[in-house]
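Following: one structure in C-alpha cells, then a few remarks.
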There are 2 protein chains.
Amino acid sequence: MLADTGFFGSLFELKGYDQPVLVSSTDGVGTKLKIASALGKHDTVGIDLVNHCVNDIFTCGAEPLFFLDYIAMGRLDPAKVESIVSGMAAACREVNCALIGGETAEMPGIYSGEDYDLAGFIVGVVEKGRRLDQQQIKAGDTILALPSSGLHTNGYSLARKVFGEEPSALKAFPPELGRSLGEALLEPHRCYYNLVRPVLKLVKGLAHITGGGFEGNIPRVLPPGLAARLDRSSWDVPPIFTLIQEKGGIADAEMYRVFNMGVGMVIICSPQDAAQIMKSIPEAQQSGRVVEQQGAQRVIIS
Amino acid sequence: MLADTGFFGSLFELKGYDQPVLVSSTDGVGTKLKIASALGKHDTVGIDLVNHCVNDIFTCGAEPLFFLDYIAMGRLDPAKVESIVSGMAAACREVNCALIGGETAEMPGIYSGEDYDLAGFIVGVVEKGRRLDQQQIKAGDTILALPSSGLHTNGYSLARKVFGEEPSALKAFPPELGRSLGEALLEPHRCYYNLVRPVLKLVKGLAHITGGGFEGNIPRVLPPGLAARLDRSSWDVPPIFTLIQEKGGIADAEMYRVFNMGVGMVIICSPQDAAQIMKSIPEAQQSGRVVEQQGAQRVIIS
C-alpha cells in the first residue's frame with residue numbers, strides 16, 4: 001500500500017513516474033445535498049463527490065492517486081458521517097484511488113438541523129508528455145458524447161425551484177421516470193475514468209459537462225479559433241430533464257446552460273479513431289465535430 | 001512557475017525529488033468564522049486556514065507545494081470572497097506555496113445570512129529518507145515549546161459560549177489584552193514553517209498543538225512507551241486564555257484539553273542540539289523532556 005497516515009498529514013509515496021505532473025481539483029456536491037437530506041439517504045453524495053473530482057482531473061489525462069474529504073455539520077451525527085464516507089470509499093475503490101484523509105468539523109451556529117456540507121479534494125498524476133492539452137485538436141475532429149446518469153451534481157438549485165422544497169414532492173412517481181422523483185434526482189454522478197481509460201491513447205480531448213453545460217465546458221478544451229458543432233438529435237435527453245423543462249417552463253437555451261442534458265462527458269478524437277473508441281465504448285454517440293469558429297459562439301447545437 | 005491551470009484540474013510539475021512522498025491535509029477554520037462574521041473582517045480567516053494546513057504537513061517534515069480552497073456561502077458575495085482569498089494568497093506567498101485552485105459554491109438553503117464555510121487542502125512533499133517519524137525519538141530528548149499567537153483555530157465554540165454570541169461582547173476592551181476581545185480572538189493562526197525550517201535537520205519530531213491540546217497532539221509523534229513531561233512554568237500563558245478561564249470558570253484540565261494555552265508547536269530534539277535550535281529560534285522555550293511512560297498518561301504537565 002502506497003498510502004499511509006502521518007501524524008497530522010496523510011502520506012503518499014509517488015513511484016514510477018519520469019516527469020510527474022500532479023493534477024488536483026476540489027469540488028462540492030452543491031444543493032444536491034438538500035435532496036439527500038430530504039430523502040434521509042446519505043450514502044450516494046460521497047459517490048457524487050469522488051466521481052465529479054475524478055472526472056475533472058481525467059480531462060488532463062490524469063489517473064487518480066488520493067482523495068481527502070471535508071464534512072461539516074452543526075452537530076456530529078456519526079451514522080450520517082459513516083454513510084457519507086461509505087459512498088466516498090466505494091467510489092474511490094472503483095478507480096483505485098486512496099481515500100487518504102479528511103476532516104469532520106462540528107460547527108454549531110453555521111449548519112442548522114439536518115444540513116451539512118461536503119467538499120472533496122483529489123490529487124492525480126499524469127506523465128508530462130501524456131498530458132491532454134488543446135494542442136492536437138483540429139477542425140474536422142470528431143466529437144463523441146457519453147451519456148450522463150442524470151443531473152450529476154449541477155442544476156439542483158433550479159430543479160428545487162421547479163419542484164418545490166417540500167420533501168413530499170420528491171415522493172411523486174412520474175411514470176416516465178420509472179421511479180420516484182427523489183430517486184431520479186439523487187442518482188449518482190457517473191464516473192468516466194474506467195470507461196475511457198482503455199482508449200485514452202486515442203483521445204485528444206475530454207470535456208466534463210458540469211455547471212455551465214456545453215457552452216461552459218467544451219470551449220475549455222478547444223484551441224482558440226475552433227468551435228464545436230453538435231447535432232442535438234444524436235443523443236437522448238433523459239426524461240428527468242424533459243420533466244424539469246416542462247414543469248418549469250424553461251427555455252431550451254437555459255436548460256442547456258444549466259444542465260448536462262444527458263451528456264456527462266465529451267470525447268474529441270481524430271475521425272479515423274472514432275470507430276475504435278466506439279467499439280470500446282458502445283454507448284458513445286457520434287455527436288458532432290470541431291469546426292472553425294465563426295462569430296462569437298463556440299458551441300453550436302442544432 | 002511550476003503551477004499551471006488545467007481545464008478542470010490544476011497542474012503542478014513535481015521536479016527534483018528522488019523518492020518523493022506527498023503529504024496532504026485538509027482542514028477548516030471552525031467557528032472562528034463566526035467571530036470573523038461578527039466583526040465583518042474576512043481577510044484573516046484565509047491566513048488561519050493556510051497556516052493550519054502548512055503546520056500540519058510540516059510535522060512530517062514536508063515543504064508545502066500547493067493549496068486549494070473550498071468556499072461556500074448562501075449567496076455569493078464577491079467582496080467577501082475576495083477578502084477571504086486575499087488572506088489565503090498572502091499566507092501561501094509567505095511559504096512559497098502555490099494557491100493553485102479552488103471552488104466557490106453558492107448554496108442557498110444551507111448557509112443563511114452572513115454565514116459561510118471554508119475548507120483548505122494542501123499538498124506538500126518530503127524526500128522519503130528525510131521524513132520525520134517517531135523512530136529517532138528517545139527518552140531523554142528535549143522538548144521545546146514555540147509560542148502561539150492566540151487560540152489559533154481551536155476552542156472557538158467554548159470561547160463563544162463563555163463570551164456569548166452577541167457581536168457587542170467582542171467590542172469589550174479588557175485592559176490585559178491591550179486590544180478588543182474580538183481582535184484578540186481573530187488573531188491569525190501562526191505558521192511555524194519559516195521559523196523552524198532552517199534547523200529542521202536538528203529536529204526529531206514536531207507536534208502541532210491543535211484541537212485536543214497537548215494530550216491530543218504530542219503523543220501522536222511519540223513512539224509507544226514514551227511520554228512527555230512538561231514544566232508549566234516554562235512558557236507564558238497569554239492573557240486571552242486566562243480571561244476565558246476566569247470568565248468561564250473552567251478547570252485547568254479542560255483548558256489544556258481544548259486550547260493550545262500559548263504553545264502552538266512543540267519541537268523534540270536531542271539534548272545536545274537544543275542550544276543550537278534555540279539560538280536560531282530565540283523564542284523557543286526549553287519546556288520539558290521525553291520520558292518513559294508510567295501509567296496511562298502520555299503527557300504530564302506539572
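If you're wondering about the labels, chains in the C-alpha cells are A, B, ... by order shown, residues count from 1 in each chain, ligands from 1 in order shown.
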Would you kindly report the residues of chain B within 8 Å of chain A, using only C-alpha atoms, as a short mmCIF file (atom, residue, chain, number, x, y, z; two decimals) with all heavy atoms, in the first residue's frame?
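Wrote part-v3.cif, looks like this:
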```cif
data_model
loop_
_atom_site.label_atom_id
_atom_site.label_comp_id
_atom_site.auth_asym_id
_atom_site.auth_seq_id
_atom_site.Cartn_x
_atom_site.Cartn_y
_atom_site.Cartn_z
N GLY B 6 -5.13 23.76 -15.41
CA GLY B 6 -5.61 22.83 -16.43
C GLY B 6 -7.02 23.17 -16.81
O GLY B 6 -7.54 24.22 -16.45
N PHE B 7 -7.66 22.28 -17.54
CA PHE B 7 -9.02 22.56 -17.99
C PHE B 7 -9.97 22.52 -16.81
O PHE B 7 -10.77 23.40 -16.58
CB PHE B 7 -9.46 21.52 -19.01
CG PHE B 7 -8.47 21.35 -20.12
CD1 PHE B 7 -8.07 20.10 -20.52
CD2 PHE B 7 -7.95 22.46 -20.75
CE1 PHE B 7 -7.17 19.94 -21.54
CE2 PHE B 7 -7.04 22.31 -21.78
CZ PHE B 7 -6.65 21.05 -22.17
N PHE B 8 -9.88 21.43 -16.08
CA PHE B 8 -10.80 21.23 -14.96
C PHE B 8 -10.02 20.93 -13.70
O PHE B 8 -10.56 20.84 -12.62
CB PHE B 8 -11.76 20.07 -15.26
CG PHE B 8 -12.66 20.33 -16.43
CD1 PHE B 8 -12.23 20.09 -17.72
CD2 PHE B 8 -13.93 20.83 -16.24
CE1 PHE B 8 -13.06 20.33 -18.81
CE2 PHE B 8 -14.77 21.07 -17.31
CZ PHE B 8 -14.34 20.82 -18.60
N GLY B 9 -8.73 20.73 -13.84
CA GLY B 9 -7.88 20.45 -12.70
C GLY B 9 -6.74 21.45 -12.69
O GLY B 9 -6.55 22.19 -13.64
N SER B 10 -5.98 21.48 -11.62
CA SER B 10 -4.83 22.37 -11.53
C SER B 10 -3.56 21.53 -11.60
O SER B 10 -3.50 20.45 -11.03
CB SER B 10 -4.87 23.13 -10.20
OG SER B 10 -6.09 23.83 -10.10
N LEU B 11 -2.57 22.05 -12.32
CA LEU B 11 -1.39 21.26 -12.62
C LEU B 11 -0.19 21.71 -11.81
O LEU B 11 0.00 22.91 -11.58
CB LEU B 11 -1.06 21.38 -14.10
CG LEU B 11 -2.20 21.04 -15.05
CD1 LEU B 11 -1.76 21.23 -16.49
CD2 LEU B 11 -2.65 19.62 -14.84
N PHE B 12 0.61 20.77 -11.41
CA PHE B 12 1.83 21.09 -10.68
C PHE B 12 2.89 20.07 -11.06
O PHE B 12 2.74 18.89 -10.80
CB PHE B 12 1.58 21.05 -9.17
CG PHE B 12 2.72 21.64 -8.39
CD1 PHE B 12 2.69 22.96 -8.01
CD2 PHE B 12 3.82 20.87 -8.09
CE1 PHE B 12 3.76 23.52 -7.31
CE2 PHE B 12 4.90 21.42 -7.41
CZ PHE B 12 4.86 22.74 -7.01
N GLU B 13 3.95 20.56 -11.68
CA GLU B 13 5.01 19.64 -12.10
C GLU B 13 5.96 19.40 -10.95
O GLU B 13 6.49 20.34 -10.37
CB GLU B 13 5.74 20.25 -13.30
CG GLU B 13 6.63 19.24 -13.99
CD GLU B 13 7.33 19.85 -15.20
OE1 GLU B 13 6.84 20.86 -15.75
OE2 GLU B 13 8.39 19.31 -15.57
N LEU B 14 6.15 18.15 -10.61
CA LEU B 14 7.00 17.79 -9.48
C LEU B 14 8.40 17.50 -9.99
O LEU B 14 8.61 16.53 -10.70
CB LEU B 14 6.41 16.57 -8.78
CG LEU B 14 6.99 16.23 -7.41
CD1 LEU B 14 6.68 17.34 -6.42
CD2 LEU B 14 6.41 14.92 -6.92
N LYS B 15 9.35 18.34 -9.60
CA LYS B 15 10.72 18.22 -10.11
C LYS B 15 11.71 18.15 -8.97
O LYS B 15 11.54 18.83 -7.95
CB LYS B 15 11.08 19.45 -10.95
CG LYS B 15 10.55 19.44 -12.36
CD LYS B 15 11.04 20.70 -13.06
CE LYS B 15 10.55 20.77 -14.50
NZ LYS B 15 10.81 22.11 -15.08
N GLN B 19 12.86 10.34 -4.19
CA GLN B 19 11.80 9.44 -3.72
C GLN B 19 10.74 10.29 -3.03
O GLN B 19 10.65 10.31 -1.81
CB GLN B 19 12.36 8.41 -2.74
CG GLN B 19 13.26 7.38 -3.38
CD GLN B 19 13.69 6.35 -2.35
OE1 GLN B 19 14.55 6.63 -1.49
NE2 GLN B 19 13.10 5.18 -2.38
N PRO B 20 9.97 11.01 -3.84
CA PRO B 20 9.03 11.97 -3.22
C PRO B 20 7.90 11.27 -2.48
O PRO B 20 7.28 10.34 -3.01
CB PRO B 20 8.49 12.74 -4.42
CG PRO B 20 8.67 11.84 -5.59
CD PRO B 20 9.90 11.01 -5.30
N VAL B 21 7.65 11.72 -1.27
CA VAL B 21 6.45 11.31 -0.54
C VAL B 21 5.56 12.55 -0.47
O VAL B 21 5.97 13.60 0.02
CB VAL B 21 6.79 10.81 0.88
CG1 VAL B 21 5.52 10.51 1.66
CG2 VAL B 21 7.67 9.56 0.81
N LEU B 22 4.36 12.40 -1.01
CA LEU B 22 3.41 13.52 -0.96
C LEU B 22 2.71 13.50 0.40
O LEU B 22 2.28 12.46 0.87
CB LEU B 22 2.37 13.39 -2.08
CG LEU B 22 2.93 13.36 -3.50
CD1 LEU B 22 1.81 13.17 -4.51
CD2 LEU B 22 3.69 14.65 -3.80
N VAL B 23 2.62 14.65 1.00
CA VAL B 23 1.96 14.77 2.30
C VAL B 23 0.80 15.74 2.14
O VAL B 23 1.00 16.87 1.67
CB VAL B 23 2.93 15.28 3.39
CG1 VAL B 23 2.26 15.26 4.74
CG2 VAL B 23 4.21 14.45 3.41
N SER B 24 -0.40 15.31 2.47
CA SER B 24 -1.57 16.16 2.24
C SER B 24 -2.37 16.30 3.52
O SER B 24 -2.28 15.49 4.44
CB SER B 24 -2.44 15.56 1.14
OG SER B 24 -2.77 14.23 1.46
N SER B 25 -3.16 17.36 3.56
CA SER B 25 -4.02 17.58 4.71
C SER B 25 -5.18 18.47 4.31
O SER B 25 -5.09 19.26 3.39
CB SER B 25 -3.22 18.23 5.84
OG SER B 25 -4.00 18.31 7.00
N THR B 26 -6.27 18.29 5.01
CA THR B 26 -7.42 19.18 4.81
C THR B 26 -7.88 19.68 6.15
O THR B 26 -7.77 18.99 7.16
CB THR B 26 -8.57 18.45 4.08
OG1 THR B 26 -9.68 19.35 3.96
CG2 THR B 26 -9.03 17.22 4.84
N ASP B 27 -8.35 20.91 6.16
CA ASP B 27 -8.85 21.47 7.41
C ASP B 27 -9.82 22.61 7.14
O ASP B 27 -9.93 23.09 6.03
CB ASP B 27 -7.69 21.97 8.28
CG ASP B 27 -7.80 21.38 9.67
OD1 ASP B 27 -8.83 21.62 10.32
OD2 ASP B 27 -6.88 20.66 10.08
N GLY B 28 -10.50 22.99 8.20
CA GLY B 28 -11.36 24.16 8.15
C GLY B 28 -10.91 25.14 9.21
O GLY B 28 -9.88 24.95 9.85
N GLY B 30 -13.26 26.21 11.49
CA GLY B 30 -14.19 26.04 12.60
C GLY B 30 -15.00 27.29 12.85
O GLY B 30 -15.16 28.15 11.96
N THR B 31 -15.49 27.41 14.06
CA THR B 31 -16.40 28.52 14.35
C THR B 31 -15.67 29.84 14.59
O THR B 31 -16.30 30.83 14.95
CB THR B 31 -17.34 28.18 15.51
OG1 THR B 31 -16.57 27.67 16.59
CG2 THR B 31 -18.35 27.11 15.10
N LYS B 34 -17.35 32.53 12.83
CA LYS B 34 -18.41 33.31 13.44
C LYS B 34 -17.86 34.62 14.00
O LYS B 34 -18.55 35.65 14.00
CB LYS B 34 -19.07 32.50 14.57
CG LYS B 34 -20.05 31.47 14.07
CD LYS B 34 -21.27 32.17 13.47
CE LYS B 34 -22.52 31.34 13.54
NZ LYS B 34 -23.67 32.03 12.89
N ASP B 56 0.42 21.49 9.72
CA ASP B 56 0.07 20.07 9.80
C ASP B 56 1.04 19.20 8.98
O ASP B 56 1.57 18.22 9.48
CB ASP B 56 -1.36 19.84 9.30
CG ASP B 56 -2.39 19.95 10.43
OD1 ASP B 56 -1.99 20.06 11.61
OD2 ASP B 56 -3.60 19.93 10.13
N ILE B 57 1.25 19.59 7.74
CA ILE B 57 2.13 18.72 6.92
C ILE B 57 3.60 18.91 7.29
O ILE B 57 4.41 18.02 7.07
CB ILE B 57 1.90 18.90 5.40
CG1 ILE B 57 2.29 20.30 4.94
CG2 ILE B 57 0.47 18.56 5.02
CD1 ILE B 57 2.41 20.41 3.42
N THR B 59 4.73 18.77 10.17
CA THR B 59 5.06 17.79 11.21
C THR B 59 5.66 16.50 10.63
O THR B 59 6.25 15.72 11.35
CB THR B 59 3.82 17.40 12.05
OG1 THR B 59 2.86 16.78 11.20
CG2 THR B 59 3.22 18.61 12.73
N CYS B 60 5.49 16.29 9.32
CA CYS B 60 6.16 15.17 8.65
C CYS B 60 7.47 15.62 8.01
O CYS B 60 8.14 14.84 7.34
CB CYS B 60 5.27 14.58 7.55
SG CYS B 60 3.72 13.91 8.15
N LEU B 68 -5.43 24.32 -2.30
CA LEU B 68 -6.72 24.60 -2.93
C LEU B 68 -7.73 24.94 -1.84
O LEU B 68 -7.61 24.44 -0.71
CB LEU B 68 -7.25 23.40 -3.71
CG LEU B 68 -6.50 22.97 -4.96
CD1 LEU B 68 -5.47 21.92 -4.62
CD2 LEU B 68 -7.44 22.44 -6.03
N ASP B 69 -8.70 25.75 -2.18
CA ASP B 69 -9.68 26.15 -1.18
C ASP B 69 -11.10 25.84 -1.66
O ASP B 69 -11.37 25.78 -2.86
CB ASP B 69 -9.57 27.65 -0.89
CG ASP B 69 -9.94 28.49 -2.10
OD1 ASP B 69 -9.09 28.66 -2.99
OD2 ASP B 69 -11.09 28.95 -2.19
N TYR B 70 -11.96 25.66 -0.70
CA TYR B 70 -13.40 25.49 -0.96
C TYR B 70 -14.12 26.53 -0.11
O TYR B 70 -13.94 26.57 1.11
CB TYR B 70 -13.84 24.08 -0.56
CG TYR B 70 -15.34 23.85 -0.63
CD1 TYR B 70 -15.96 23.55 -1.83
CD2 TYR B 70 -16.12 23.94 0.51
CE1 TYR B 70 -17.33 23.34 -1.89
CE2 TYR B 70 -17.50 23.73 0.46
CZ TYR B 70 -18.10 23.43 -0.74
OH TYR B 70 -19.45 23.22 -0.81
N GLY B 101 -5.85 26.49 -7.00
CA GLY B 101 -7.21 26.31 -7.47
C GLY B 101 -8.18 26.37 -6.33
O GLY B 101 -7.80 26.53 -5.17
N GLY B 102 -9.44 26.24 -6.66
CA GLY B 102 -10.44 26.28 -5.62
C GLY B 102 -11.83 26.21 -6.20
O GLY B 102 -12.02 26.19 -7.42
N GLU B 103 -12.78 26.15 -5.31
CA GLU B 103 -14.18 26.08 -5.71
C GLU B 103 -14.95 27.05 -4.83
O GLU B 103 -14.75 27.07 -3.61
CB GLU B 103 -14.69 24.64 -5.51
CG GLU B 103 -16.18 24.46 -5.57
CD GLU B 103 -16.75 24.51 -6.98
OE1 GLU B 103 -15.97 24.62 -7.95
OE2 GLU B 103 -17.98 24.46 -7.13
N ALA B 105 -18.76 27.89 -3.92
CA ALA B 105 -20.09 27.30 -4.11
C ALA B 105 -21.16 28.20 -3.51
O ALA B 105 -21.02 28.70 -2.39
CB ALA B 105 -20.14 25.93 -3.45
N GLU B 106 -22.21 28.41 -4.29
CA GLU B 106 -23.36 29.17 -3.80
C GLU B 106 -24.43 28.15 -3.39
O GLU B 106 -24.90 27.38 -4.23
CB GLU B 106 -23.88 30.07 -4.92
CG GLU B 106 -24.97 31.02 -4.46
CD GLU B 106 -25.21 32.14 -5.47
OE1 GLU B 106 -24.95 31.93 -6.67
OE2 GLU B 106 -25.64 33.23 -5.05
N MET B 107 -24.75 28.12 -2.13
CA MET B 107 -25.66 27.09 -1.64
C MET B 107 -26.79 27.67 -0.81
O MET B 107 -26.78 27.56 0.43
CB MET B 107 -24.86 26.06 -0.84
CG MET B 107 -23.83 25.37 -1.74
SD MET B 107 -22.83 24.18 -0.89
CE MET B 107 -24.01 22.88 -0.64
N PRO B 108 -27.75 28.27 -1.50
CA PRO B 108 -28.90 28.80 -0.78
C PRO B 108 -29.61 27.67 -0.05
O PRO B 108 -29.66 26.55 -0.56
CB PRO B 108 -29.77 29.38 -1.90
CG PRO B 108 -29.36 28.64 -3.14
CD PRO B 108 -27.89 28.33 -2.96
N GLY B 109 -30.09 27.94 1.14
CA GLY B 109 -30.82 26.90 1.87
C GLY B 109 -29.90 26.11 2.78
O GLY B 109 -30.39 25.38 3.64
N ILE B 110 -28.60 26.21 2.59
CA ILE B 110 -27.70 25.54 3.53
C ILE B 110 -27.02 26.59 4.42
O ILE B 110 -26.96 26.43 5.63
CB ILE B 110 -26.70 24.62 2.81
CG1 ILE B 110 -27.48 23.41 2.26
CG2 ILE B 110 -25.58 24.17 3.75
CD1 ILE B 110 -26.67 22.31 1.65
N TYR B 111 -26.56 27.67 3.80
CA TYR B 111 -25.95 28.75 4.57
C TYR B 111 -26.93 29.92 4.61
O TYR B 111 -27.47 30.32 3.59
CB TYR B 111 -24.63 29.20 3.94
CG TYR B 111 -23.63 28.08 3.88
CD1 TYR B 111 -23.51 27.28 2.75
CD2 TYR B 111 -22.81 27.80 4.97
CE1 TYR B 111 -22.60 26.23 2.70
CE2 TYR B 111 -21.90 26.76 4.94
CZ TYR B 111 -21.80 25.99 3.80
OH TYR B 111 -20.91 24.95 3.76
N SER B 112 -27.12 30.46 5.81
CA SER B 112 -28.07 31.58 5.90
C SER B 112 -27.33 32.85 6.33
O SER B 112 -26.30 32.80 6.99
CB SER B 112 -29.19 31.23 6.88
OG SER B 112 -28.65 30.87 8.12
N ASP B 115 -23.44 33.74 7.08
CA ASP B 115 -22.64 32.52 7.32
C ASP B 115 -21.99 32.00 6.06
O ASP B 115 -22.51 32.12 4.96
CB ASP B 115 -23.53 31.41 7.91
CG ASP B 115 -23.89 31.69 9.35
OD1 ASP B 115 -23.17 32.48 9.99
OD2 ASP B 115 -24.89 31.13 9.83
N TYR B 116 -20.83 31.41 6.25
CA TYR B 116 -20.17 30.71 5.17
C TYR B 116 -19.26 29.66 5.77
O TYR B 116 -19.05 29.63 6.98
CB TYR B 116 -19.38 31.67 4.26
CG TYR B 116 -18.28 32.45 4.93
CD1 TYR B 116 -16.96 32.04 4.87
CD2 TYR B 116 -18.56 33.62 5.63
CE1 TYR B 116 -15.94 32.77 5.46
CE2 TYR B 116 -17.56 34.36 6.23
CZ TYR B 116 -16.24 33.93 6.15
OH TYR B 116 -15.24 34.64 6.74
N ASP B 117 -18.75 28.78 4.91
CA ASP B 117 -17.76 27.84 5.39
C ASP B 117 -16.58 27.86 4.43
O ASP B 117 -16.67 28.34 3.30
CB ASP B 117 -18.33 26.42 5.54
CG ASP B 117 -17.50 25.56 6.50
OD1 ASP B 117 -16.49 26.05 7.05
OD2 ASP B 117 -17.86 24.38 6.70
N ALA B 119 -12.93 25.53 3.56
CA ALA B 119 -12.06 24.38 3.79
C ALA B 119 -10.83 24.53 2.91
O ALA B 119 -10.89 25.13 1.84
CB ALA B 119 -12.78 23.07 3.46
N PHE B 121 -7.13 22.60 1.38
CA PHE B 121 -6.45 21.34 1.08
C PHE B 121 -5.03 21.68 0.67
O PHE B 121 -4.82 22.51 -0.20
CB PHE B 121 -7.13 20.64 -0.09
CG PHE B 121 -8.58 20.37 0.11
CD1 PHE B 121 -9.53 21.22 -0.44
CD2 PHE B 121 -8.99 19.28 0.85
CE1 PHE B 121 -10.87 20.98 -0.26
CE2 PHE B 121 -10.33 19.03 1.03
CZ PHE B 121 -11.28 19.88 0.48
N LYS B 128 11.72 10.73 0.93
CA LYS B 128 11.39 9.60 1.78
C LYS B 128 12.36 9.48 2.97
O LYS B 128 11.95 9.28 4.11
CB LYS B 128 11.43 8.32 0.94
CG LYS B 128 10.80 7.13 1.63
CD LYS B 128 10.79 5.93 0.70
CE LYS B 128 10.18 4.73 1.39
NZ LYS B 128 10.25 3.53 0.56
N SER B 157 -15.76 27.26 19.86
CA SER B 157 -17.12 27.00 20.35
C SER B 157 -17.18 27.25 21.85
O SER B 157 -18.13 27.87 22.35
CB SER B 157 -17.56 25.58 19.99
OG SER B 157 -17.69 25.47 18.59
N HIS B 208 1.97 19.70 16.21
CA HIS B 208 1.17 20.90 16.01
C HIS B 208 0.05 20.85 17.06
O HIS B 208 -0.76 19.93 17.07
CB HIS B 208 0.60 20.87 14.58
CG HIS B 208 -0.13 22.10 14.18
ND1 HIS B 208 -1.01 22.12 13.12
CD2 HIS B 208 -0.12 23.36 14.68
CE1 HIS B 208 -1.51 23.34 12.98
NE2 HIS B 208 -1.00 24.11 13.92
N ARG B 220 0.94 11.84 19.44
CA ARG B 220 0.92 11.37 18.04
C ARG B 220 2.32 11.24 17.46
O ARG B 220 2.53 10.49 16.50
CB ARG B 220 0.11 12.35 17.18
CG ARG B 220 -1.36 12.35 17.56
CD ARG B 220 -2.08 13.61 17.09
NE ARG B 220 -2.42 13.58 15.69
CZ ARG B 220 -3.20 14.47 15.10
NH1 ARG B 220 -3.73 15.47 15.82
NH2 ARG B 220 -3.47 14.41 13.82
N VAL B 221 3.28 11.99 17.99
CA VAL B 221 4.64 11.92 17.43
C VAL B 221 5.59 11.10 18.31
O VAL B 221 6.75 10.94 17.96
CB VAL B 221 5.24 13.32 17.17
CG1 VAL B 221 4.30 14.14 16.31
CG2 VAL B 221 5.54 14.06 18.45
#
```
Near-Ala159 (chain B) list (12 Å; only C-alpha atoms; drop same-chain fewer than 5 positions) as JSON, numbers by chain: {"B": [31, 32, 34, 35, 150, 151, 153, 154, 164, 165, 169, 170, 181, 182, 184, 185, 186, 240, 241, 242, 243, 244, 245, 246, 247, 248, 249, 250, 255, 258, 259]}
9 Å contact set for Ser149 (chain A), only C-alpha atoms, chain neighbours under 4 positions out, as a CSV table (one decimal) with C-alpha atoms, in the first residue's frame:
```csv
chain,number,residue,atom,x,y,z
A,187,GLU,CA,-28.9,9.3,-9.0
A,188,PRO,CA,-25.1,9.4,-8.5
A,189,HIS,CA,-22.8,11.4,-10.7
A,190,ARG,CA,-21.3,9.0,-13.2
A,238,PRO,CA,-33.3,11.7,-20.4
A,262,GLY,CA,-27.9,13.8,-20.9
A,263,VAL,CA,-24.2,14.2,-21.9
A,264,GLY,CA,-21.8,13.9,-19.0
```
Those of region 106-276 of chain B in DSSP helix (DSSP H, G or I), formatted as a PyMOL selection string: chain B and resi 128-130+134-136+156-163+167-171+181-186+193-202+213-221+232-234+239-248+252-258+271-276
Proximity to Gly225 (chain B) - best of B:Arg93, B:His42, B:Arg298, B:Arg289, only C-alpha atoms: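 The closest residue to Gly225 (chain B) is B:Arg298.
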Who sits within 12 Å of Pro198 (chain B), only C-alpha atoms, same chain under 3 positions skipped, as an MDAnalysis selection string: chainID B and resid 61 192:195 201:203 276:281
Between CA of Glu183 (chain B) and CA of Ser83 (chain B), distance in Å (one decimal):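 According to the coordinates, CA of Glu183 (chain B) and CA of Ser83 (chain B) are separated by 16.8 Å.
CA of Arg75 (chain A) sits 22.0 Å away from CA of Val45 (chain B).
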Å distance separating CA of Thr142 (chain B) from CA of Leu226 (chain B), one decimal place: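 For CA of Thr142 (chain B) relative to CA of Leu226 (chain B), the distance reads 12.8 Å.
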Which of region 33-267 of chain B fall in strand (DSSP E or B), as a ChimeraX atom specification: /B:63-73,98-106,108,111,116-127,142-147,205-208,226-230,263-267
Non-local contacts of Arg257 (chain A) (6 Å; only C-alpha atoms; under 3 positions in same chain excluded) as a PyMOL selection string: chain A and resi 212-213+254
Dump as an mmCIF file, in the first residue's frame, selection limited to N, CA, C and O atoms:
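Final output, selection35.cif:
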```cif
data_model
loop_
_atom_site.group_PDB
_atom_site.id
_atom_site.type_symbol
_atom_site.label_atom_id
_atom_site.label_comp_id
_atom_site.auth_asym_id
_atom_site.auth_seq_id
_atom_site.Cartn_x
_atom_site.Cartn_y
_atom_site.Cartn_z
ATOM 1 N N GLY A 212 -22.679 25.085 -16.166
ATOM 2 C CA GLY A 212 -22.380 25.846 -17.379
ATOM 3 C C GLY A 212 -22.682 25.039 -18.638
ATOM 4 O O GLY A 212 -22.658 25.581 -19.748
ATOM 5 N N GLY A 213 -22.956 23.744 -18.462
ATOM 6 C CA GLY A 213 -23.378 22.917 -19.588
ATOM 7 C C GLY A 213 -22.341 22.841 -20.703
ATOM 8 O O GLY A 213 -21.135 22.959 -20.467
ATOM 9 N N GLU A 254 -31.711 27.999 -21.655
ATOM 10 C CA GLU A 254 -31.382 27.942 -20.233
ATOM 11 C C GLU A 254 -31.133 26.495 -19.795
ATOM 12 O O GLU A 254 -30.222 26.229 -19.006
#
```
